[in-house]
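Undergrad: I'm passing along my_file21.txt; it holds compact mmCIF, C-alpha atoms and all ligand atoms.
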# COMPACT_ATOMS: atom_id res chain seq x y z
CA MET A 12 0.00 0.00 0.00
CA ASP A 13 2.09 2.91 -1.29
CA ASN A 14 -0.25 5.69 -0.38
CA PRO A 15 -3.03 4.76 2.01
CA GLY A 16 -4.26 8.37 2.19
CA PRO A 17 -6.72 10.32 0.07
CA LYS A 18 -6.12 10.50 -3.65
CA ALA A 19 -7.38 12.97 -6.24
CA ILE A 20 -7.26 11.23 -9.60
CA ILE A 21 -7.36 13.97 -12.22
CA ASN A 22 -8.56 12.77 -15.61
CA LEU A 23 -6.96 15.23 -18.03
CA ASN A 24 -8.61 13.49 -20.98
CA ARG A 25 -11.99 14.50 -19.54
CA LEU A 26 -10.78 18.07 -19.01
CA LYS A 27 -9.81 18.20 -22.71
CA GLU A 28 -13.16 16.79 -23.79
CA ASN A 29 -15.03 19.20 -21.54
CA ILE A 30 -13.20 22.27 -22.83
CA GLN A 31 -13.65 21.18 -26.44
CA ASN A 32 -17.40 20.74 -25.83
CA ILE A 33 -17.57 24.18 -24.22
CA ILE A 34 -15.65 25.70 -27.15
CA GLU A 35 -18.17 24.11 -29.50
CA HIS A 36 -21.04 25.47 -27.40
CA VAL A 37 -19.86 29.10 -27.35
CA GLY A 38 -18.77 29.08 -30.99
CA ASP A 39 -16.37 31.87 -31.87
CA THR A 40 -16.34 33.45 -28.42
CA PRO A 41 -12.87 33.22 -26.86
CA ILE A 42 -12.62 31.58 -23.43
CA CYS A 43 -10.86 32.63 -20.28
CA CYS A 44 -10.32 29.55 -18.10
CA VAL A 45 -10.63 30.21 -14.38
CA VAL A 46 -7.88 28.30 -12.56
CA LYS A 47 -7.93 30.14 -9.23
CA ALA A 48 -7.90 28.25 -5.92
CA ASN A 49 -5.56 25.58 -7.27
CA ALA A 50 -7.84 25.12 -10.28
CA TYR A 51 -10.81 24.45 -8.00
CA GLY A 52 -8.80 21.83 -6.13
CA HIS A 53 -7.56 20.06 -9.29
CA GLY A 54 -3.97 21.41 -9.34
CA ALA A 55 -3.42 24.74 -11.09
CA ILE A 56 -0.19 23.95 -12.96
CA PRO A 57 -1.12 20.68 -14.71
CA ILE A 58 -4.64 21.94 -15.42
CA THR A 59 -3.37 25.19 -16.97
CA GLN A 60 -0.63 23.41 -18.94
CA THR A 61 -3.22 21.02 -20.37
CA LEU A 62 -5.64 23.80 -21.28
CA GLU A 63 -2.88 25.86 -22.87
CA LYS A 64 -2.11 22.90 -25.13
CA GLU A 65 -5.82 22.78 -25.99
CA GLY A 66 -5.50 26.29 -27.38
CA ILE A 67 -6.64 28.42 -24.43
CA SER A 68 -4.60 31.63 -24.22
CA LEU A 69 -6.19 33.51 -21.31
CA PHE A 70 -6.46 32.32 -17.71
CA ALA A 71 -7.80 33.91 -14.54
CA VAL A 72 -6.55 33.45 -11.00
CA PHE A 73 -7.36 35.31 -7.83
CA SER A 74 -4.01 36.40 -6.41
CA ILE A 75 -0.72 37.62 -7.80
CA GLY A 76 0.91 34.67 -6.00
CA GLU A 77 -1.22 32.24 -8.00
CA ALA A 78 -0.29 34.04 -11.22
CA LEU A 79 3.44 33.96 -10.44
CA GLU A 80 3.24 30.25 -9.71
CA LEU A 81 1.86 29.72 -13.22
CA ARG A 82 4.56 31.92 -14.77
CA GLN A 83 7.27 30.03 -12.87
CA ALA A 84 5.82 26.79 -14.28
CA GLY A 85 6.29 28.16 -17.79
CA ILE A 86 2.76 29.30 -18.59
CA GLN A 87 3.11 31.94 -21.31
CA SER A 88 -0.55 32.80 -21.87
CA ASP A 89 -2.24 35.92 -20.58
CA ILE A 90 -3.22 35.80 -16.91
CA LEU A 91 -5.91 38.01 -15.41
CA ILE A 92 -5.87 38.56 -11.65
CA PHE A 93 -9.27 38.99 -9.96
CA SER A 94 -8.12 40.31 -6.58
CA LYS A 95 -7.84 43.91 -5.41
CA ILE A 96 -4.58 45.32 -6.74
CA ASN A 97 -1.67 45.65 -4.38
CA ALA A 98 0.01 49.01 -5.04
CA ASN A 99 3.35 47.57 -3.89
CA ARG A 100 3.35 44.77 -6.45
CA ILE A 101 2.56 46.61 -9.67
CA GLN A 102 6.14 46.40 -10.95
CA GLU A 103 6.05 42.63 -10.41
CA ALA A 104 2.85 42.47 -12.43
CA VAL A 105 4.46 44.48 -15.25
CA ASP A 106 7.62 42.35 -15.19
CA ASN A 107 5.55 39.18 -15.46
CA ASP A 108 3.10 40.59 -17.99
CA LEU A 109 0.08 40.02 -15.76
CA ILE A 110 -3.31 41.68 -16.24
CA LEU A 111 -4.57 43.53 -13.18
CA ASN A 112 -8.04 44.26 -11.88
CA PHE A 113 -9.06 47.93 -11.83
CA SER A 114 -11.85 47.78 -9.28
CA SER A 115 -12.23 51.07 -7.41
CA LEU A 116 -11.90 54.80 -7.88
CA GLY A 117 -8.77 54.72 -5.71
CA ASP A 118 -7.13 52.40 -8.25
CA LEU A 119 -7.13 55.26 -10.77
CA ASN A 120 -4.55 57.15 -8.68
CA ILE A 121 -2.45 54.03 -8.32
CA PHE A 122 -2.32 53.38 -12.07
CA GLU A 123 -1.81 57.09 -12.92
CA GLN A 124 0.97 57.53 -10.36
CA PHE A 125 2.73 54.37 -11.50
CA GLU A 126 2.54 55.47 -15.12
CA SER A 127 3.83 58.98 -14.43
CA LYS A 128 6.67 57.71 -12.23
CA TYR A 129 7.90 54.79 -14.36
CA SER A 130 6.43 55.62 -17.82
CA GLN A 131 4.95 52.16 -17.77
CA SER A 132 1.51 50.77 -17.22
CA PRO A 133 0.38 47.30 -16.28
CA ARG A 134 -2.33 45.85 -18.50
CA PHE A 135 -5.71 45.92 -16.75
CA HIS A 136 -9.42 45.22 -17.08
CA ILE A 137 -11.95 47.49 -15.39
CA LYS A 138 -14.32 45.54 -13.18
CA PHE A 139 -17.73 46.99 -12.37
CA ASP A 140 -20.01 46.03 -9.56
CA THR A 141 -23.42 45.55 -11.15
CA GLY A 142 -25.08 43.67 -8.32
CA MET A 143 -22.75 41.34 -6.45
CA THR A 144 -21.85 44.19 -4.08
CA ARG A 145 -18.37 42.71 -4.08
CA LEU A 146 -15.18 43.98 -5.69
CA GLY A 147 -15.85 46.33 -8.62
CA LEU A 148 -16.04 49.98 -9.50
CA ASP A 149 -19.26 51.69 -8.50
CA VAL A 150 -21.43 52.59 -11.47
CA GLN A 151 -21.53 56.27 -10.48
CA ASP A 152 -17.73 56.46 -10.85
CA ALA A 153 -17.79 55.12 -14.41
CA ASP A 154 -17.84 58.43 -16.24
CA LYS A 155 -14.94 59.89 -14.27
CA VAL A 156 -12.81 56.78 -14.73
CA PHE A 157 -13.57 56.36 -18.44
CA LYS A 158 -12.71 60.02 -19.13
CA ALA A 159 -9.47 59.83 -17.15
CA ILE A 160 -8.36 56.65 -18.91
CA SER A 161 -9.27 57.87 -22.37
CA LYS A 162 -7.26 61.06 -21.72
CA ASN A 163 -4.16 59.03 -20.96
CA PRO A 164 -3.57 56.49 -23.74
CA LYS A 165 -0.51 55.18 -21.94
CA LEU A 166 -2.82 53.46 -19.42
CA ARG A 167 -3.23 49.97 -20.84
CA CYS A 168 -6.92 49.30 -20.38
CA GLU A 169 -7.70 46.08 -22.24
CA GLY A 170 -11.04 45.02 -20.89
CA ILE A 171 -14.24 45.71 -19.03
CA TYR A 172 -16.09 43.11 -17.00
CA SER A 173 -18.57 42.30 -14.28
CA HIS A 174 -19.78 39.24 -12.40
CA PHE A 175 -23.28 37.79 -12.06
CA ALA A 176 -24.81 36.93 -8.72
CA THR A 177 -27.60 34.66 -9.97
CA ALA A 178 -26.71 33.45 -13.48
CA ASP A 179 -26.91 29.83 -12.33
CA GLU A 180 -30.49 30.16 -11.08
CA GLY A 181 -33.73 29.33 -12.83
CA GLU A 182 -35.12 32.82 -12.16
CA LEU A 183 -33.03 35.25 -14.16
CA SER A 184 -34.59 38.67 -13.62
CA TYR A 185 -31.74 39.89 -11.40
CA ALA A 186 -29.16 38.59 -13.90
CA HIS A 187 -30.97 40.49 -16.67
CA HIS A 188 -30.89 43.62 -14.52
CA GLN A 189 -27.12 43.21 -14.07
CA LEU A 190 -26.68 42.57 -17.78
CA ASN A 191 -28.61 45.73 -18.70
CA MET A 192 -26.48 47.76 -16.35
CA PHE A 193 -23.32 46.23 -17.82
CA ASN A 194 -24.48 46.98 -21.37
CA SER A 195 -24.97 50.64 -20.43
CA LEU A 196 -21.49 50.77 -18.92
CA VAL A 197 -19.88 49.32 -22.04
CA GLU A 198 -21.78 51.86 -24.14
CA LEU A 199 -20.67 54.72 -21.90
CA GLY A 200 -17.06 53.56 -22.02
CA GLU A 201 -17.11 53.37 -25.80
CA LYS A 202 -18.73 56.81 -26.03
CA SER A 203 -15.89 58.14 -23.85
CA GLY A 204 -13.47 56.98 -26.52
CA LEU A 205 -12.36 53.67 -25.04
CA SER A 206 -12.21 50.55 -27.10
CA PHE A 207 -12.20 47.36 -25.05
CA LYS A 208 -10.38 44.37 -26.43
CA PHE A 209 -12.29 42.14 -24.01
CA ILE A 210 -15.84 42.62 -22.73
CA HIS A 211 -16.95 39.84 -20.40
CA CYS A 212 -19.38 38.86 -17.70
CA SER A 213 -20.35 35.22 -18.37
CA ASN A 214 -19.43 32.53 -15.87
CA SER A 215 -20.46 28.86 -16.18
CA GLY A 216 -24.06 29.62 -15.15
CA ALA A 217 -24.37 32.37 -17.78
CA ILE A 218 -22.73 30.23 -20.48
CA LEU A 219 -25.56 27.75 -19.98
CA ASN A 220 -28.35 30.13 -19.07
CA LEU A 221 -27.73 33.53 -20.68
CA PRO A 222 -26.19 33.26 -24.16
CA GLU A 223 -26.88 36.98 -24.71
CA SER A 224 -24.25 37.81 -22.08
CA ARG A 225 -21.27 36.37 -23.95
CA PHE A 226 -19.91 39.59 -25.52
CA ASN A 227 -16.42 38.78 -26.82
CA LEU A 228 -15.13 36.62 -23.96
CA VAL A 229 -16.57 34.12 -21.47
CA ARG A 230 -14.99 33.06 -18.20
CA VAL A 231 -15.42 29.40 -17.43
CA GLY A 232 -14.64 27.65 -14.18
CA MET A 233 -16.86 24.95 -12.76
CA LEU A 234 -18.29 23.65 -16.01
CA MET A 235 -14.86 22.82 -17.42
CA TYR A 236 -14.10 20.73 -14.30
CA GLY A 237 -17.11 18.66 -15.31
CA THR A 238 -19.56 19.85 -12.71
CA MET A 239 -22.77 21.79 -13.12
CA PRO A 240 -22.73 25.18 -11.38
CA SER A 241 -26.20 24.37 -10.00
CA ASP A 242 -29.16 22.08 -10.69
CA GLU A 243 -31.19 24.98 -12.11
CA VAL A 244 -29.21 25.50 -15.31
CA PRO A 245 -29.94 23.70 -18.59
CA ASN A 246 -27.62 20.74 -18.89
CA ASN A 247 -26.81 21.40 -22.54
CA VAL A 248 -23.04 20.93 -22.63
CA ALA A 249 -21.76 17.38 -22.21
CA VAL A 250 -19.14 17.35 -19.47
CA LYS A 251 -17.68 14.63 -17.25
CA PRO A 252 -16.17 15.09 -13.78
CA VAL A 253 -12.45 15.64 -14.10
CA MET A 254 -11.71 14.54 -10.54
CA ASN A 255 -12.26 11.19 -8.87
CA TYR A 256 -11.69 11.61 -5.16
CA GLU A 257 -10.76 8.31 -3.54
CA GLY A 258 -9.28 6.73 -0.45
CA THR A 259 -7.92 3.38 0.62
CA ILE A 260 -9.33 0.76 2.96
CA VAL A 261 -6.66 0.35 5.64
CA ASN A 262 -8.45 -1.87 8.13
CA LYS A 263 -11.59 -3.99 8.49
CA ARG A 264 -13.20 -5.94 11.28
CA ARG A 265 -16.30 -8.03 11.82
CA VAL A 266 -18.35 -6.52 14.66
CA PRO A 267 -21.44 -7.77 16.47
CA LYS A 268 -24.86 -6.11 16.55
CA GLY A 269 -24.89 -3.14 18.96
CA THR A 270 -21.34 -1.92 18.20
CA SER A 271 -20.99 1.85 18.25
CA ILE A 272 -18.83 3.50 15.60
CA SER A 273 -16.79 6.74 15.74
CA TYR A 274 -17.11 9.87 17.90
CA GLY A 275 -20.28 10.25 19.88
CA GLY A 276 -21.22 6.63 19.20
CA ILE A 277 -24.20 7.78 17.18
CA TYR A 278 -23.93 4.97 14.64
CA VAL A 279 -24.77 1.65 16.25
CA THR A 280 -24.79 -1.52 14.15
CA ASP A 281 -28.21 -3.19 13.95
CA LYS A 282 -26.72 -6.58 13.06
CA GLU A 283 -23.37 -8.28 12.76
CA THR A 284 -21.47 -6.49 10.01
CA THR A 285 -18.08 -5.62 8.52
CA ILE A 286 -16.76 -2.17 9.32
CA ALA A 287 -13.81 -0.86 7.30
CA VAL A 288 -11.58 2.12 8.03
CA VAL A 289 -10.78 4.51 5.16
CA GLN A 290 -7.85 6.86 5.62
CA ALA A 291 -9.20 10.29 4.67
CA GLY A 292 -10.90 12.82 6.87
CA PHE A 293 -12.19 16.33 7.10
CA ALA A 294 -8.61 17.64 7.35
CA ASP A 295 -8.17 16.43 3.76
CA GLY A 296 -11.34 18.13 2.58
CA PHE A 297 -13.65 15.14 2.96
CA PRO A 298 -17.06 16.75 3.61
CA ARG A 299 -17.74 16.02 7.27
CA PRO A 300 -21.55 16.49 7.25
CA TRP A 301 -21.84 13.84 4.52
CA TYR A 302 -21.77 11.07 7.16
CA THR A 303 -25.48 11.40 7.96
CA ASP A 304 -26.77 10.12 4.61
CA GLY A 305 -23.40 9.62 2.94
CA TYR A 306 -21.94 6.64 1.14
CA VAL A 307 -18.87 5.64 -0.83
CA GLY A 308 -18.56 3.49 -3.95
CA TYR A 309 -16.77 0.15 -4.04
CA GLN A 310 -16.80 -2.39 -6.85
CA GLY A 311 -20.08 -1.20 -8.34
CA LYS A 312 -22.03 -0.79 -5.09
CA ASP A 313 -22.63 2.03 -2.62
CA TYR A 314 -21.84 1.53 1.07
CA LYS A 315 -22.97 3.65 3.98
CA ILE A 316 -20.53 5.84 5.89
CA ALA A 317 -20.69 4.61 9.47
CA GLY A 318 -20.64 7.33 12.12
CA ARG A 319 -19.01 10.72 12.19
CA VAL A 320 -16.16 11.51 9.81
CA CYS A 321 -12.95 12.02 11.82
CA MET A 322 -10.06 14.36 11.05
CA ASP A 323 -7.99 11.71 9.26
CA SER A 324 -10.30 8.78 8.64
CA PHE A 325 -13.85 7.49 8.56
CA MET A 326 -15.60 4.15 8.70
CA VAL A 327 -17.76 2.35 6.16
CA ASP A 328 -20.38 -0.33 6.81
CA PHE A 329 -19.89 -3.14 4.30
CA GLY A 330 -22.60 -5.41 5.74
CA ASP A 331 -21.87 -8.99 4.71
CA ASP A 332 -19.67 -8.02 1.77
CA THR A 333 -15.93 -8.48 2.05
CA PRO A 334 -13.90 -5.41 1.10
CA GLU A 335 -10.19 -5.87 0.57
CA ILE A 336 -7.61 -3.97 2.56
CA GLY A 337 -5.52 -1.86 0.17
CA LYS A 338 -8.36 -1.36 -2.32
CA ASN A 339 -9.80 2.07 -3.01
CA VAL A 340 -13.29 3.39 -2.42
CA LEU A 341 -14.71 6.28 -4.46
CA PHE A 342 -15.76 9.37 -2.49
CA PHE A 343 -17.03 11.23 -5.54
CA GLY A 344 -16.50 11.26 -9.28
CA LEU A 345 -16.95 8.72 -12.04
CA SER A 346 -14.91 5.52 -11.99
CA LYS A 347 -15.26 2.37 -14.09
CA GLU A 348 -17.56 0.84 -11.49
CA ASN A 349 -19.09 3.68 -9.52
CA HIS A 350 -20.56 7.13 -9.99
CA ILE A 351 -21.09 9.55 -7.13
CA PRO A 352 -21.65 13.10 -8.42
CA VAL A 353 -20.15 15.77 -6.20
CA GLU A 354 -23.40 17.63 -6.95
CA THR A 355 -25.32 14.91 -5.02
CA ILE A 356 -23.16 15.39 -1.94
CA ALA A 357 -23.36 19.20 -2.13
CA LYS A 358 -27.13 19.09 -2.33
CA ASN A 359 -27.48 16.58 0.49
CA ILE A 360 -25.33 18.51 2.94
CA ASP A 361 -26.64 21.94 1.89
CA SER A 362 -23.29 23.01 0.51
CA THR A 363 -22.04 23.75 -3.02
CA THR A 364 -19.78 21.96 -5.45
CA TYR A 365 -17.49 25.00 -5.28
CA VAL A 366 -17.02 24.56 -1.53
CA LEU A 367 -16.45 20.83 -1.79
CA LEU A 368 -13.91 20.89 -4.62
CA THR A 369 -11.85 23.80 -3.33
CA ALA A 370 -11.71 22.23 0.15
CA ILE A 371 -9.67 19.28 -1.09
CA GLY A 372 -6.16 19.35 0.27
CA GLY A 373 -4.55 18.19 3.50
CA ARG A 374 -2.74 14.92 2.83
CA THR A 375 -4.38 14.38 -0.55
CA GLU A 376 -2.01 13.07 -3.19
CA TYR A 377 -2.64 14.02 -6.82
CA PHE A 378 -2.40 11.63 -9.74
CA TYR A 379 -2.77 12.91 -13.33
CA ARG A 380 -4.11 10.58 -15.99
CA ASP A 381 -4.29 11.35 -19.66
C1 LIG A 401 -14.95 36.90 -11.25
C2 LIG A 401 -15.22 35.46 -11.56
N1 LIG A 401 -15.42 35.10 -12.83
C3 LIG A 401 -15.66 33.82 -13.18
C4 LIG A 401 -15.74 32.82 -12.24
C5 LIG A 401 -16.01 31.43 -12.68
O1 LIG A 401 -17.26 30.99 -12.24
P1 LIG A 401 -17.76 29.52 -12.57
O2 LIG A 401 -16.86 28.59 -11.85
O3 LIG A 401 -19.14 29.50 -12.05
O4 LIG A 401 -17.67 29.36 -14.04
C6 LIG A 401 -15.56 33.15 -10.89
C7 LIG A 401 -15.69 32.11 -9.88
O5 LIG A 401 -16.01 32.25 -8.75
C8 LIG A 401 -15.30 34.51 -10.54
O6 LIG A 401 -15.13 34.89 -9.27
What is this file in structure tokens?
TA:
Amino acid sequence: MDNPGPKAIINLNRLKENIQNIIEHVGDTPICCVVKANAYGHGAIPITQTLEKEGISLFAVFSIGEALELRQAGIQSDILIFSKINANRIQEAVDNDLILNFSSLGDLNIFEQFESKYSQSPRFHIKFDTGMTRLGLDVQDADKVFKAISKNPKLRCEGIYSHFATADEGELSYAHHQLNMFNSLVELGEKSGLSFKFIHCSNSGAILNLPESRFNLVRVGMLMYGTMPSDEVPNNVAVKPVMNYEGTIVNKRRVPKGTSISYGGIYVTDKETTIAVVQAGFADGFPRPWYTDGYVGYQGKDYKIAGRVCMDSFMVDFGDDTPEIGKNVLFFGLSKENHIPVETIAKNIDSTTYVLLTAIGGRTEYFYRD
């Protein structure tokens, strides 16, 4: 048993199929692949390298640190950073040809001062808040910012964007309201003399739900990892889960009826049964609340998680079946014998696929298959 701990098996062939199906779906619209948060728990470097070979030339991360990691790994494509700019790291962004996020009126001074001091400007996209009430320039500051940028052609404004709050929901009136506001902002910017190379506000939900919001770039995250952003969007792009999350059976024992399992002793066997120990726990990102109704997959069948998930391990009730020590069980994903959608777990424990995938870490070992 080389690695008895949790394993994330990353199926790069599925990632390639998913992105090709998304490309087909959006037609000529270029794609920005969102690989922030360690590519949603899948490993940012191998995921980005694979997508770059598939022809993607723009990626988005959250922090400058994430962007530099990609550059150090040899990623040559454009990289957009979503986070608030750090005035002390602008030179680093310029040196590494990163695209920054212009997201508040105060950022105007930062970009202007940098340009006048060094006769250089980082590339940037202007982000507007149209309804997330998160990072983004306030609509009332648009005119001032557009005029200032159009007066100084040395400022390298390459894009304008916003982010939807509800694009993955069945009821889209709020998304339409955001889209209308965004359309007006683009119009105002163009009237002020700016010409935006990239205009974008679609995420996975909008790609599926709001084709009219594609402009000339879409940003795709969750869908490319093979997971639906929610169960309210039309399932009209064929994708398969890129990750299989698995763990190994490290112990098993036959126990009599009335045996209590794990912390709190809340799971008590109602007959003689086989209880196995799997070495993965909530410290590795295994979703702890999933023990109530949760199960794992083994050789084509589902088996109940027995008792509370511990920090480093949990138990599985195999009944009268005989699991083998050293064999793997599937936590979620699609294997040859089992299928447990991460969406099912998210729904059951009142969480989201985004939370579950980005939580994976701890002692998890990554294996890349092509
Ligand atoms: C600004 C921004 N754009 C795009 C995305 C990608 O969203 P999704 O994974 O739903 O495609 C995110 C993800 O949270 C984001 O924050």
Undergrad: Report as JSON, numbers by chain all protein, DNA and RNA residues lying within 12 Å of Thr40 (chain A), evaluated on all atoms listed in the file, omitting residues in the same chain fewer than 5 positions from it.
TA: {"A": [33, 34, 35, 67, 209, 210, 211, 213, 218, 222, 223, 224, 225, 226, 227, 228, 229, 230, 231]}
Undergrad: Could you check how far CA of Leu341 (chain A) sits from CA of Ser273 (chain A), in Å to one decimal?
TA: 20.3 Å
Undergrad: Would you compute the distance between CA of Glu65 (chain A) and CA of Ser215 (chain A)? Give it in Å to one decimal.
TA: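 Here the two named atoms are 18.6 Å from each other.
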Undergrad: Identify, on the basis of all atoms listed in the file, every residue whose closest approach to Val266 (chain A) does not exceed 7 Å; exclude the query and any residue fewer than 3 positions from it along the same chain; express the result as a list in words.
TA: Thr270, Glu283, Thr284 and Thr285 of chain A
Undergrad: Measuring between all atoms listed in the file, which one of A:Tyr236, A:Tyr377, A:Phe113, A:Tyr185 shows the shortest distance to ligand LIG 401 (chain A)?
TA: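 Ranked by minimum distance to ligand LIG 401 (chain A), first place goes to A:Tyr236.
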Undergrad: What does the list of residues within 6 Å of ligand LIG 401 (chain A) look like if you count all atoms listed in the file, written as a list in words?
TA: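 Result of the 6 Å neighbour search around ligand LIG 401 (chain A): Val45, His174, Asn214, Ser215, Gly216, Arg230, Val231, Gly232, Met233 and Pro240 of chain A.
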Undergrad: What is the distance between CA of Ser115 (chain A) and CA of Ile92 (chain A), in Å to one decimal?
TA: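 These atoms are spaced 14.7 Å apart.
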Undergrad: So which one's closest to Leu219 (chain A), A:Gly258, A:Ala104, A:Glu243, A:Lys158? Using all atoms listed in the file, please.
TA: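 Nearest candidate to Leu219 (chain A) out of A:Gly258, A:Ala104, A:Glu243, A:Lys158: A:Glu243.
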Undergrad: Find the residues near Ser362 (chain A): any atom within 12 Å, counting all atoms listed in the file, skip ones fewer than 5 places away on the same chain, and give them as a list in words.
TA: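 Counting only the stated atoms, we get Ser241, Pro298, Arg299, Pro300, Trp301, Val353, Glu354, Thr355, Ile356, Ala357, Leu367, Leu368 and Ala370 of chain A.
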Undergrad: Quick one: of A:Ile86, A:Ile171, A:Ile96, A:Ile137, who's nearest to Pro57 (chain A), counting all atoms listed in the file?
TA: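 That would be A:Ile86, the residue with the smallest distance to Pro57 (chain A).
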